[in-house]
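**Student:** Sharing final-v8.cif here; it has mmCIF, C-alpha atoms and all ligand atoms.
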```cif
data_upload
loop_
_atom_site.group_PDB
_atom_site.id
_atom_site.type_symbol
_atom_site.label_atom_id
_atom_site.label_comp_id
_atom_site.auth_asym_id
_atom_site.auth_seq_id
_atom_site.Cartn_x
_atom_site.Cartn_y
_atom_site.Cartn_z
ATOM 1 C CA MET A 363 7.260 31.877 243.190
ATOM 2 C CA ALA A 364 7.331 30.489 246.726
ATOM 3 C CA ILE A 365 9.864 27.996 247.936
ATOM 4 C CA ILE A 366 7.894 25.392 249.830
ATOM 5 C CA ILE A 367 9.517 23.959 252.957
ATOM 6 C CA SER A 368 8.149 21.173 255.178
ATOM 7 C CA LEU A 369 9.238 20.543 258.744
ATOM 8 C CA ILE A 370 9.087 16.802 259.147
ATOM 9 C CA ASN A 371 9.844 14.224 261.804
ATOM 10 C CA GLN A 372 7.460 11.398 262.636
ATOM 11 C CA LYS A 373 8.358 11.826 266.288
ATOM 12 C CA GLY A 374 6.230 14.209 268.324
ATOM 13 C CA GLY A 375 7.705 16.876 270.565
ATOM 14 C CA VAL A 376 10.917 17.506 268.632
ATOM 15 C CA GLY A 377 10.232 21.164 267.790
ATOM 16 C CA LYS A 378 8.513 21.001 264.389
ATOM 17 C CA THR A 379 5.707 23.371 265.296
ATOM 18 C CA THR A 380 7.875 25.770 267.296
ATOM 19 C CA SER A 381 10.276 25.939 264.361
ATOM 20 C CA ALA A 382 7.504 26.341 261.767
ATOM 21 C CA ILE A 383 5.949 29.239 263.698
ATOM 22 C CA ASN A 384 9.161 31.095 264.430
ATOM 23 C CA LEU A 385 10.794 30.510 261.075
ATOM 24 C CA SER A 386 7.741 31.836 259.261
ATOM 25 C CA ALA A 387 7.416 34.744 261.681
ATOM 26 C CA TYR A 388 11.003 35.847 261.181
ATOM 27 C CA LEU A 389 10.780 35.540 257.403
ATOM 28 C CA THR A 390 7.894 38.012 257.482
ATOM 29 C CA LEU A 391 10.016 40.396 259.547
ATOM 30 C CA GLU A 392 12.555 40.191 256.726
ATOM 31 C CA ASN A 393 9.805 41.485 254.429
ATOM 32 C CA LYS A 394 9.123 38.120 252.825
ATOM 33 C CA SER A 395 5.552 37.158 252.161
ATOM 34 C CA VAL A 396 4.890 33.889 253.931
ATOM 35 C CA LEU A 397 2.118 31.324 254.217
ATOM 36 C CA LEU A 398 2.145 28.890 257.131
ATOM 37 C CA VAL A 399 0.286 25.653 256.362
ATOM 38 C CA ASP A 400 -0.907 23.680 259.371
ATOM 39 C CA LEU A 401 -0.972 20.060 258.263
ATOM 40 C CA ASP A 402 -1.219 18.657 261.802
ATOM 41 C CA PRO A 403 -4.812 17.926 262.896
ATOM 42 C CA GLN A 404 -3.801 18.982 266.421
ATOM 43 C CA GLY A 405 -3.609 22.512 265.043
ATOM 44 C CA ASN A 406 -0.764 23.683 267.266
ATOM 45 C CA ALA A 407 0.749 25.960 264.638
ATOM 46 C CA SER A 408 -2.602 27.675 264.114
ATOM 47 C CA SER A 409 -3.357 28.104 267.809
ATOM 48 C CA GLY A 410 0.262 29.046 268.562
ATOM 49 C CA LEU A 411 -0.263 32.084 266.356
ATOM 50 C CA GLY A 412 -3.430 33.021 268.186
ATOM 51 C CA LEU A 413 -6.170 31.371 266.119
ATOM 52 C CA ASP A 414 -9.032 29.698 267.930
ATOM 53 C CA ILE A 415 -9.220 26.616 265.732
ATOM 54 C CA ARG A 416 -12.397 25.286 267.327
ATOM 55 C CA SER A 417 -14.287 28.286 266.030
ATOM 56 C CA LEU A 418 -12.949 27.916 262.488
ATOM 57 C CA GLU A 419 -15.534 26.613 260.088
ATOM 58 C CA GLN A 420 -13.110 25.745 257.363
ATOM 59 C CA GLY A 421 -9.437 25.299 256.761
ATOM 60 C CA LEU A 422 -6.943 22.960 255.214
ATOM 61 C CA TYR A 423 -9.268 19.961 255.130
ATOM 62 C CA GLU A 424 -11.867 21.846 253.127
ATOM 63 C CA ALA A 425 -9.167 23.269 250.866
ATOM 64 C CA ILE A 426 -7.809 19.777 250.144
ATOM 65 C CA MET A 427 -11.259 18.344 249.502
ATOM 66 C CA SER A 428 -12.521 21.207 247.363
ATOM 67 C CA GLY A 429 -9.285 21.874 245.486
ATOM 68 C CA ARG A 430 -10.635 25.191 244.159
ATOM 69 C CA ASN A 431 -10.639 28.893 245.086
ATOM 70 C CA ILE A 432 -8.079 28.229 247.743
ATOM 71 C CA ASP A 433 -7.926 31.879 248.738
ATOM 72 C CA ARG A 434 -11.105 31.636 250.746
ATOM 73 C CA PHE A 435 -9.458 29.177 253.134
ATOM 74 C CA VAL A 436 -6.410 31.317 253.844
ATOM 75 C CA ILE A 437 -6.480 33.516 256.930
ATOM 76 C CA LYS A 438 -4.849 36.852 256.246
ATOM 77 C CA THR A 439 -2.995 38.306 259.177
ATOM 78 C CA PRO A 440 -1.671 41.757 260.054
ATOM 79 C CA GLU A 441 1.575 42.973 258.577
ATOM 80 C CA TYR A 442 4.696 41.112 259.673
ATOM 81 C CA MET A 443 2.788 37.928 260.413
ATOM 82 C CA PRO A 444 2.480 34.938 258.100
ATOM 83 C CA ASP A 445 -0.839 34.153 256.446
ATOM 84 C CA ILE A 446 -2.189 30.851 257.721
ATOM 85 C CA LEU A 447 -3.912 27.922 256.081
ATOM 86 C CA PRO A 448 -5.151 26.511 259.386
ATOM 87 C CA ALA A 449 -5.899 22.979 260.490
ATOM 88 C CA SER A 450 -9.659 22.596 260.754
ATOM 89 C CA GLN A 451 -11.715 20.199 262.870
ATOM 90 C CA ASN A 452 -12.175 17.767 260.000
ATOM 91 C CA LEU A 453 -8.497 17.397 259.220
ATOM 92 C CA ALA A 454 -8.203 14.541 261.716
ATOM 93 C CA GLY A 455 -10.285 12.325 259.431
ATOM 94 C CA ALA A 456 -8.436 13.336 256.303
ATOM 95 C CA SER A 457 -5.673 10.741 256.400
ATOM 96 C CA VAL A 458 -8.345 8.018 256.286
ATOM 97 C CA GLU A 459 -10.527 9.738 253.681
ATOM 98 C CA LEU A 460 -7.601 10.566 251.434
ATOM 99 C CA VAL A 461 -6.936 6.856 250.930
ATOM 100 C CA HIS A 462 -9.961 6.617 248.653
ATOM 101 C CA LEU A 463 -9.298 9.710 246.578
ATOM 102 C CA GLU A 464 -7.727 9.950 243.188
ATOM 103 C CA ASN A 465 -4.242 11.491 243.221
ATOM 104 C CA ARG A 466 -4.297 11.162 246.964
ATOM 105 C CA GLU A 467 -0.605 12.032 247.370
ATOM 106 C CA TYR A 468 -0.898 15.191 245.257
ATOM 107 C CA ARG A 469 -3.830 16.919 246.932
ATOM 108 C CA LEU A 470 -1.810 19.453 248.912
ATOM 109 C CA TYR A 471 0.515 20.002 245.953
ATOM 110 C CA GLU A 472 -2.519 20.956 243.835
ATOM 111 C CA VAL A 473 -3.817 23.282 246.540
ATOM 112 C CA LEU A 474 -0.520 25.118 246.950
ATOM 113 C CA ARG A 475 0.127 25.311 243.231
ATOM 114 C CA GLN A 476 -2.806 27.703 242.990
ATOM 115 C CA ILE A 477 -1.413 30.194 245.463
ATOM 116 C CA ARG A 478 2.345 29.753 245.464
ATOM 117 C CA THR A 479 3.009 32.643 243.117
ATOM 118 C CA ARG A 480 1.752 34.997 245.802
ATOM 119 C CA TYR A 481 4.344 34.056 248.400
ATOM 120 C CA ASP A 482 8.101 33.984 248.823
ATOM 121 C CA PHE A 483 7.936 31.096 251.278
ATOM 122 C CA ILE A 484 5.355 28.497 252.201
ATOM 123 C CA ILE A 485 6.174 26.691 255.447
ATOM 124 C CA ILE A 486 4.377 23.426 256.233
ATOM 125 C CA ASP A 487 4.083 22.090 259.790
ATOM 126 C CA SER A 488 3.576 18.313 259.687
ATOM 127 C CA PRO A 489 1.906 15.827 262.006
ATOM 128 C CA PRO A 490 4.005 13.340 264.006
ATOM 129 C CA SER A 491 3.580 10.418 261.617
ATOM 130 C CA LEU A 492 4.575 9.292 258.158
ATOM 131 C CA GLY A 493 0.951 8.888 257.057
ATOM 132 C CA LEU A 494 -0.790 10.297 254.008
ATOM 133 C CA LEU A 495 -0.952 13.849 255.330
ATOM 134 C CA THR A 496 2.804 13.952 255.781
ATOM 135 C CA ILE A 497 3.286 12.349 252.360
ATOM 136 C CA ASN A 498 1.114 15.125 250.900
ATOM 137 C CA GLY A 499 3.393 17.617 252.646
ATOM 138 C CA LEU A 500 6.505 15.944 251.201
ATOM 139 C CA VAL A 501 5.122 15.835 247.679
ATOM 140 C CA ALA A 502 4.153 19.511 247.872
ATOM 141 C CA SER A 503 7.617 20.556 249.079
ATOM 142 C CA ASP A 504 10.823 21.712 247.466
ATOM 143 C CA GLU A 505 12.832 21.414 250.669
ATOM 144 C CA ILE A 506 12.649 19.480 253.921
ATOM 145 C CA ILE A 507 13.859 20.583 257.342
ATOM 146 C CA ILE A 508 14.164 17.777 259.887
ATOM 147 C CA PRO A 509 14.064 19.015 263.495
ATOM 148 C CA VAL A 510 16.038 16.662 265.738
ATOM 149 C CA GLN A 511 15.801 16.937 269.504
ATOM 150 C CA THR A 512 19.227 16.672 271.099
ATOM 151 C CA GLU A 513 18.505 13.764 273.403
ATOM 152 C CA TYR A 514 19.297 10.094 273.600
ATOM 153 C CA PHE A 515 16.706 8.585 271.249
ATOM 154 C CA ALA A 516 16.986 11.460 268.802
ATOM 155 C CA LEU A 517 18.530 9.472 265.994
ATOM 156 C CA GLU A 518 16.043 6.651 266.222
ATOM 157 C CA GLY A 519 13.594 6.816 263.340
ATOM 158 C CA LEU A 520 15.731 9.139 261.258
ATOM 159 C CA SER A 521 16.812 6.427 258.827
ATOM 160 C CA GLN A 522 13.172 5.470 258.272
ATOM 161 C CA LEU A 523 12.383 9.127 257.677
ATOM 162 C CA LEU A 524 15.213 9.553 255.171
ATOM 163 C CA GLU A 525 14.121 6.373 253.424
ATOM 164 C CA THR A 526 10.564 7.702 253.121
ATOM 165 C CA ILE A 527 11.910 10.928 251.639
ATOM 166 C CA MET A 528 13.973 8.889 249.134
ATOM 167 C CA LEU A 529 10.904 6.865 248.140
ATOM 168 C CA VAL A 530 8.896 10.035 247.599
ATOM 169 C CA LYS A 531 11.745 11.459 245.556
ATOM 170 C CA GLU A 532 11.982 8.349 243.392
ATOM 171 C CA ASN A 533 8.290 7.769 242.866
ATOM 172 C CA LEU A 534 6.307 10.935 243.370
ATOM 173 C CA GLN A 535 8.367 14.102 243.411
ATOM 174 C CA PRO A 536 11.907 14.064 241.996
ATOM 175 C CA ASP A 537 12.816 17.665 242.934
ATOM 176 C CA ILE A 538 12.538 17.357 246.689
ATOM 177 C CA GLU A 539 15.719 18.023 248.721
ATOM 178 C CA VAL A 540 16.684 17.819 252.373
ATOM 179 C CA MET A 541 17.727 21.350 253.274
ATOM 180 C CA GLY A 542 19.026 20.184 256.602
ATOM 181 C CA ALA A 543 18.610 18.648 260.014
ATOM 182 C CA LEU A 544 17.969 21.202 262.748
ATOM 183 C CA LEU A 545 19.162 20.435 266.264
ATOM 184 C CA THR A 546 16.600 21.630 268.806
ATOM 185 C CA MET A 547 16.191 21.962 272.586
ATOM 186 C CA TYR A 548 19.927 21.883 273.060
ATOM 187 C CA ASP A 549 21.196 22.192 276.611
ATOM 188 C CA ARG A 550 24.930 22.814 276.516
ATOM 189 C CA ARG A 551 25.375 21.941 280.185
ATOM 190 C CA ASN A 552 24.172 18.441 279.436
ATOM 191 C CA ARG A 553 26.948 16.069 278.382
ATOM 192 C CA LEU A 554 24.578 13.735 276.571
ATOM 193 C CA ALA A 555 23.155 16.629 274.542
ATOM 194 C CA ARG A 556 26.682 17.590 273.514
ATOM 195 C CA GLN A 557 27.346 14.001 272.434
ATOM 196 C CA VAL A 558 24.147 13.778 270.419
ATOM 197 C CA MET A 559 24.917 17.095 268.740
ATOM 198 C CA LYS A 560 28.366 15.895 267.770
ATOM 199 C CA GLU A 561 27.035 12.603 266.507
ATOM 200 C CA VAL A 562 24.421 14.269 264.291
ATOM 201 C CA GLN A 563 26.915 16.812 262.969
ATOM 202 C CA GLU A 564 29.405 14.075 262.110
ATOM 203 C CA HIS A 565 27.202 11.253 260.888
ATOM 204 C CA PHE A 566 23.909 12.601 259.592
ATOM 205 C CA PRO A 567 23.833 11.700 255.883
ATOM 206 C CA ALA A 568 22.455 15.112 254.848
ATOM 207 C CA PRO A 569 23.329 18.739 255.669
ATOM 208 C CA VAL A 570 22.959 19.947 259.266
ATOM 209 C CA PHE A 571 22.135 23.595 259.993
ATOM 210 C CA GLU A 572 24.899 25.504 261.734
ATOM 211 C CA THR A 573 22.258 27.101 263.923
ATOM 212 C CA VAL A 574 21.394 25.027 266.977
ATOM 213 C CA ILE A 575 18.170 25.907 268.819
ATOM 214 C CA PRO A 576 18.777 26.047 272.591
ATOM 215 C CA ARG A 577 16.341 24.812 275.190
ATOM 216 C CA SER A 578 14.527 27.942 276.317
ATOM 217 C CA VAL A 579 11.467 28.443 278.468
ATOM 218 C CA ARG A 580 10.571 31.591 276.524
ATOM 219 C CA LEU A 581 10.177 29.532 273.347
ATOM 220 C CA ALA A 582 7.779 27.190 275.133
ATOM 221 C CA GLU A 583 5.794 30.083 276.660
ATOM 222 C CA ALA A 584 5.259 32.166 273.523
ATOM 223 C CA PRO A 585 2.535 29.992 271.894
ATOM 224 C CA SER A 586 0.303 30.204 274.959
ATOM 225 C CA PHE A 587 0.148 33.935 274.248
ATOM 226 C CA GLY A 588 -0.550 33.251 270.581
ATOM 227 C CA LYS A 589 2.745 34.880 269.653
ATOM 228 C CA SER A 590 5.950 34.072 267.863
ATOM 229 C CA ILE A 591 9.125 34.480 269.899
ATOM 230 C CA PHE A 592 9.818 37.744 268.035
ATOM 231 C CA HIS A 593 6.534 39.261 269.146
ATOM 232 C CA PHE A 594 6.870 37.767 272.631
ATOM 233 C CA ASP A 595 10.506 38.309 273.603
ATOM 234 C CA SER A 596 12.614 39.442 270.706
ATOM 235 C CA PHE A 597 15.828 39.724 272.747
ATOM 236 C CA SER A 598 15.718 36.182 274.134
ATOM 237 C CA LYS A 599 18.258 33.554 273.096
ATOM 238 C CA GLY A 600 15.416 31.616 271.455
ATOM 239 C CA ALA A 601 14.650 34.608 269.236
ATOM 240 C CA ARG A 602 18.325 34.958 268.390
ATOM 241 C CA SER A 603 18.554 31.334 267.376
ATOM 242 C CA TYR A 604 15.477 31.383 265.128
ATOM 243 C CA ARG A 605 16.696 34.601 263.517
ATOM 244 C CA SER A 606 19.941 32.850 262.709
ATOM 245 C CA LEU A 607 18.077 29.796 261.362
ATOM 246 C CA ALA A 608 15.897 31.975 259.127
ATOM 247 C CA ARG A 609 18.978 33.653 257.705
ATOM 248 C CA GLU A 610 20.492 30.270 256.909
ATOM 249 C CA VAL A 611 17.230 29.235 255.254
ATOM 250 C CA ILE A 612 17.171 32.394 253.144
ATOM 251 C CA SER A 613 20.751 31.916 252.043
ATOM 252 C CA ARG A 614 20.267 28.204 251.266
ATOM 253 C CA SER A 615 17.116 29.077 249.314
ATOM 254 C CA GLN A 616 19.038 31.553 247.206
ATOM 255 C CA GLN A 617 21.481 28.801 246.296
ATOM 256 C CA ARG A 618 18.645 26.703 244.879
ATOM 257 C CA ASN A 619 17.988 26.526 241.203
ATOM 258 C CA THR A 620 14.753 28.141 240.129
ATOM 259 C CA PRO A 621 11.946 26.230 241.802
ATOM 260 C CA LYS A 622 9.840 23.823 239.796
ATOM 261 C CA THR A 623 6.605 25.086 238.258
HETATM 262 N N1 LIG A 701 13.844 25.128 272.087
HETATM 263 C C1 LIG A 701 12.887 24.806 272.958
HETATM 264 N N2 LIG A 701 13.085 25.003 274.271
HETATM 265 C C2 LIG A 701 12.132 24.657 275.173
HETATM 266 N N3 LIG A 701 10.943 24.124 274.852
HETATM 267 C C3 LIG A 701 10.686 23.914 273.554
HETATM 268 C C4 LIG A 701 11.630 24.239 272.544
HETATM 269 N N4 LIG A 701 11.103 23.905 271.337
HETATM 270 C C5 LIG A 701 9.877 23.404 271.592
HETATM 271 N N5 LIG A 701 9.626 23.395 272.920
HETATM 272 C C6 LIG A 701 8.427 22.875 273.586
HETATM 273 O O1 LIG A 701 8.441 21.462 273.460
HETATM 274 C C7 LIG A 701 7.150 20.972 273.138
HETATM 275 C C8 LIG A 701 7.183 20.259 271.776
HETATM 276 O O2 LIG A 701 7.546 21.202 270.764
HETATM 277 P P1 LIG A 701 6.756 21.280 269.391
HETATM 278 O O3 LIG A 701 7.350 22.384 268.613
HETATM 279 O O4 LIG A 701 5.284 21.345 269.626
HETATM 280 O O5 LIG A 701 7.155 19.878 268.757
HETATM 281 P P2 LIG A 701 6.445 19.031 267.603
HETATM 282 O O6 LIG A 701 5.685 19.968 266.726
HETATM 283 O O7 LIG A 701 7.581 18.345 266.904
HETATM 284 O O8 LIG A 701 5.556 18.048 268.296
HETATM 285 C C9 LIG A 701 6.220 22.170 273.156
HETATM 286 O O9 LIG A 701 5.634 22.253 274.424
HETATM 287 C C10 LIG A 701 7.150 23.342 272.918
HETATM 288 O O10 LIG A 701 6.661 24.535 273.487
HETATM 289 MG MG MG A 702 3.661 19.885 266.167
#
```
Spell out the structure here as structure tokens.
**Tutor:**
Amino acid sequence: MAIIISLINQKGGVGKTTSAINLSAYLTLENKSVLLVDLDPQGNASSGLGLDIRSLEQGLYEAIMSGRNIDRFVIKTPEYMPDILPASQNLAGASVELVHLENREYRLYEVLRQIRTRYDFIIIDSPPSLGLLTINGLVASDEIIIPVQTEYFALEGLSQLLETIMLVKENLQPDIEVMGALLTMYDRRNRLARQVMKEVQEHFPAPVFETVIPRSVRLAEAPSFGKSIFHFDSFSKGARSYRSLAREVISRSQQRNTPKT
């Protein structure tokens, strides 16, 4: 039974997609079976793993709307790569259309419930907003990872995010937990980055991963080749850091109680 993990931060450019791609890629290298769900209409997680999303005729939008036979929407990939439930063209309209649907917050939950027994991990990459798509991601999840960019405005918006997670927990999905905040794009030569890191580690009201993701050009280059960092440059410091994150995620997952059914 898969543990379902969403990467969430309503801010764009904080490393959600990069973390979703590389975390899921490394989990597959550890022989886990993994599904990557691309909940962001921009489709960066899908294209970052080499899919041409403009040529896709169906994907997550169609899966959410149909709610049945979800398998046909999943793209199977070669060994040691995650399967992908890609963003499709129509996903951009979904947050508006969902408003009118019954059980609108539970649509992704229902979709994943049908296939979660087949995976060890399902990783969800979220859009940069707290709209209905992200809420669907939260409701479908057991655990949340919050990527936080180590820069000056990093902490802004985090209390709103934590409050949203609390509201979802109280009203829609009681079992959801924050696995941790993940510091990203850290530049240790930068004094401000060091300060922000310290501040998050000391004051963030939820766990913070020990692993800190460094700023690294290789991490930014890999998606343009449609590759994870492990397939692009497995000896880089970026690869090392995501390997260490994935190991923390595996060990924190093992500490969980049995996931909900
Ligand atoms: N650790 C890193 N070092 C350098 N560049 C990074 C790093 N993580 C992400 N990036 C780059 O920063 C940009 C935003 O990252 P992304 O993962 O797409 O964020 P989000 O999904 O939160 O919008 C992308 O161009 C990405 O390649
Ligand atoms: Mg993204």
**Student:** Which polymer residues have any atom within 6 Å of an atom of region 484-493 of chain A, counting only C-alpha atoms, with same-chain residues fewer than 5 positions away left out, as a list in words?
**Tutor:**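 Final neighbour list, sorted by chain and number: Ile366, Ile367, Ser368, Leu369, Ile370, Gln372, Lys373, Gly374, Thr379, Ala382, Val396, Leu397, Leu398, Val399, Asp400, Leu401 and Asp402 of chain A.
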**Student:** Quick one: contact table of chain A to ligand LIG 701 (chain A), 6 Å max, nearest atom pair and distance in Å to one decimal per residue, counting only C-alpha atoms and all ligand atoms, chain and number order, as a Markdown table?
**Tutor:**
```
| residue | atom | partner | partner_atom | distance |
| --- | --- | --- | --- | --- |
| A:Gly374 | CA | A:LIG701 | O8 | 3.9 |
| A:Gly375 | CA | A:LIG701 | O8 | 3.3 |
| A:Val376 | CA | A:LIG701 | O7 | 3.8 |
| A:Gly377 | CA | A:LIG701 | O3 | 3.2 |
| A:Lys378 | CA | A:LIG701 | O7 | 3.8 |
| A:Thr379 | CA | A:LIG701 | O6 | 3.7 |
| A:Thr380 | CA | A:LIG701 | O3 | 3.7 |
| A:Thr546 | CA | A:LIG701 | N1 | 5.5 |
| A:Met547 | CA | A:LIG701 | N1 | 4.0 |
| A:Ile575 | CA | A:LIG701 | N1 | 5.5 |
| A:Pro576 | CA | A:LIG701 | N1 | 5.0 |
| A:Arg577 | CA | A:LIG701 | N2 | 3.4 |
| A:Ser578 | CA | A:LIG701 | N2 | 3.9 |
| A:Val579 | CA | A:LIG701 | C2 | 5.1 |
| A:Leu581 | CA | A:LIG701 | N2 | 5.5 |
| A:Ala582 | CA | A:LIG701 | O10 | 3.3 |
```
**Student:** Which residues, named as in the file, does the PyMOL selection byres (((chain A and resi 451-461) around 9) and not hetatm) pick out? Answer as a PyMOL selection string.
**Tutor:** chain A and resi 401-405+415-416+418-424+426-427+449-450+462-467+469+493-495
**Student:** Residues around (15.8, 32.7, 267.0), cut-off 12 Å, counting only C-alpha atoms - what are they as a PyMOL selection string?
**Tutor:** chain A and resi 380-389+546+573-578+580-581+590-610
**Student:** Take CA of Val562 (chain A) and CA of Gly519 (chain A) and report the distance between them in Å, one decimal.
**Tutor:** 13.2 Å
**Student:** Using all atoms listed in the file, find the one residue out of A:Glu505, A:Asp445, A:Glu532, A:Asp537 that sits nearest to Tyr481 (chain A).
**Tutor:** A:Asp445
**Student:** Which is closer to ligand MG 702 (chain A) than all the others in A:Pro444, A:Pro536, A:Gly412, A:Pro585, using all atoms listed in the file?
**Tutor:**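 Going through A:Pro444, A:Pro536, A:Gly412, A:Pro585 one by one, the smallest distance to ligand MG 702 (chain A) is for A:Pro585.
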**Student:** For Thr512 (chain A), which residue out of A:Ser586, A:Ser395, A:Ser409, A:Gln563 is the nearest one, using only C-alpha atoms?
**Tutor:**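 The answer is A:Gln563, which sits nearest to Thr512 (chain A).
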**Student:** Near His565 (chain A), counting all atoms listed in the file, which residues have an atom at most 12 Å away, once you skip same-chain residues fewer than 5 positions from it, shown as a compact mmCIF listing (two decimals) with C-alpha atoms, keeping the file's coordinate frame?
**Tutor:**
```txt
# COMPACT_ATOMS: atom_id res chain seq x y z
CA LEU A 517 18.53 9.47 265.99
CA LEU A 520 15.73 9.14 261.26
CA SER A 521 16.81 6.43 258.83
CA ALA A 543 18.61 18.65 260.01
CA GLN A 557 27.35 14.00 272.43
CA VAL A 558 24.15 13.78 270.42
CA MET A 559 24.92 17.10 268.74
CA LYS A 560 28.37 15.90 267.77
CA VAL A 570 22.96 19.95 259.27
```
**Student:** Please compute the CA of Arg434 (chain A)-CA of Asn371 (chain A) distance, one decimal, in Å.
**Tutor:**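 We find that CA of Arg434 (chain A) and CA of Asn371 (chain A) lie 29.4 Å from each other.
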**Student:** Which residues match the PyMOL selection byres (((chain A and resi 502) around 9) and not hetatm) in the file above, as a ChimeraX atom specification?
**Tutor:** /A:366-368,467-475,497-501,503-504,535,538
**Student:** Can you complete the atoms of region 601-607 of chain A to all heavy atoms and list them as a CSV table (one decimal), in the frame of the given file?
**Tutor:**
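New file part-v8.csv:
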```
chain,number,residue,atom,x,y,z
A,601,ALA,N,14.9,33.7,270.4
A,601,ALA,CA,14.6,34.6,269.2
A,601,ALA,C,15.9,34.7,268.4
A,601,ALA,O,15.9,34.6,267.2
A,601,ALA,CB,14.2,36.0,269.7
A,602,ARG,N,17.0,34.9,269.1
A,602,ARG,CA,18.3,35.0,268.4
A,602,ARG,C,18.6,33.7,267.5
A,602,ARG,O,19.0,33.8,266.4
A,602,ARG,CB,19.5,35.1,269.4
A,602,ARG,CG,20.0,36.5,269.5
A,602,ARG,CD,21.4,36.6,270.1
A,602,ARG,NE,21.7,35.7,271.2
A,602,ARG,CZ,21.4,36.0,272.5
A,602,ARG,NH1,20.8,37.1,272.9
A,602,ARG,NH2,21.7,35.1,273.4
A,603,SER,N,18.2,32.6,268.1
A,603,SER,CA,18.6,31.3,267.4
A,603,SER,C,17.6,31.2,266.2
A,603,SER,O,18.1,30.8,265.1
A,603,SER,CB,18.5,30.1,268.3
A,603,SER,OG,17.1,29.9,268.7
A,604,TYR,N,16.4,31.5,266.3
A,604,TYR,CA,15.5,31.4,265.1
A,604,TYR,C,15.8,32.4,264.1
A,604,TYR,O,15.6,32.2,262.9
A,604,TYR,CB,14.0,31.4,265.5
A,604,TYR,CG,13.6,30.0,265.9
A,604,TYR,CD1,13.4,29.6,267.3
A,604,TYR,CD2,13.5,28.9,265.0
A,604,TYR,CE1,13.0,28.3,267.6
A,604,TYR,CE2,13.2,27.6,265.3
A,604,TYR,CZ,12.9,27.3,266.7
A,604,TYR,OH,12.6,26.0,267.0
A,605,ARG,N,16.3,33.6,264.5
A,605,ARG,CA,16.7,34.6,263.5
A,605,ARG,C,17.9,34.0,262.7
A,605,ARG,O,17.9,34.1,261.5
A,605,ARG,CB,17.1,35.9,264.3
A,605,ARG,CG,17.4,37.1,263.4
A,605,ARG,CD,17.8,38.3,264.3
A,605,ARG,NE,16.7,38.6,265.2
A,605,ARG,CZ,16.9,38.8,266.6
A,605,ARG,NH1,18.1,38.6,267.1
A,605,ARG,NH2,15.9,39.0,267.3
A,606,SER,N,18.8,33.4,263.4
A,606,SER,CA,19.9,32.8,262.7
A,606,SER,C,19.5,31.7,261.8
A,606,SER,O,20.0,31.6,260.7
A,606,SER,CB,21.0,32.4,263.8
A,606,SER,OG,21.7,31.4,263.4
A,607,LEU,N,18.6,30.9,262.2
A,607,LEU,CA,18.1,29.8,261.4
A,607,LEU,C,17.4,30.4,260.1
A,607,LEU,O,17.7,29.9,259.0
A,607,LEU,CB,17.0,28.9,262.1
A,607,LEU,CG,16.3,27.9,261.2
A,607,LEU,CD1,17.3,26.8,260.8
A,607,LEU,CD2,15.1,27.4,261.8
```
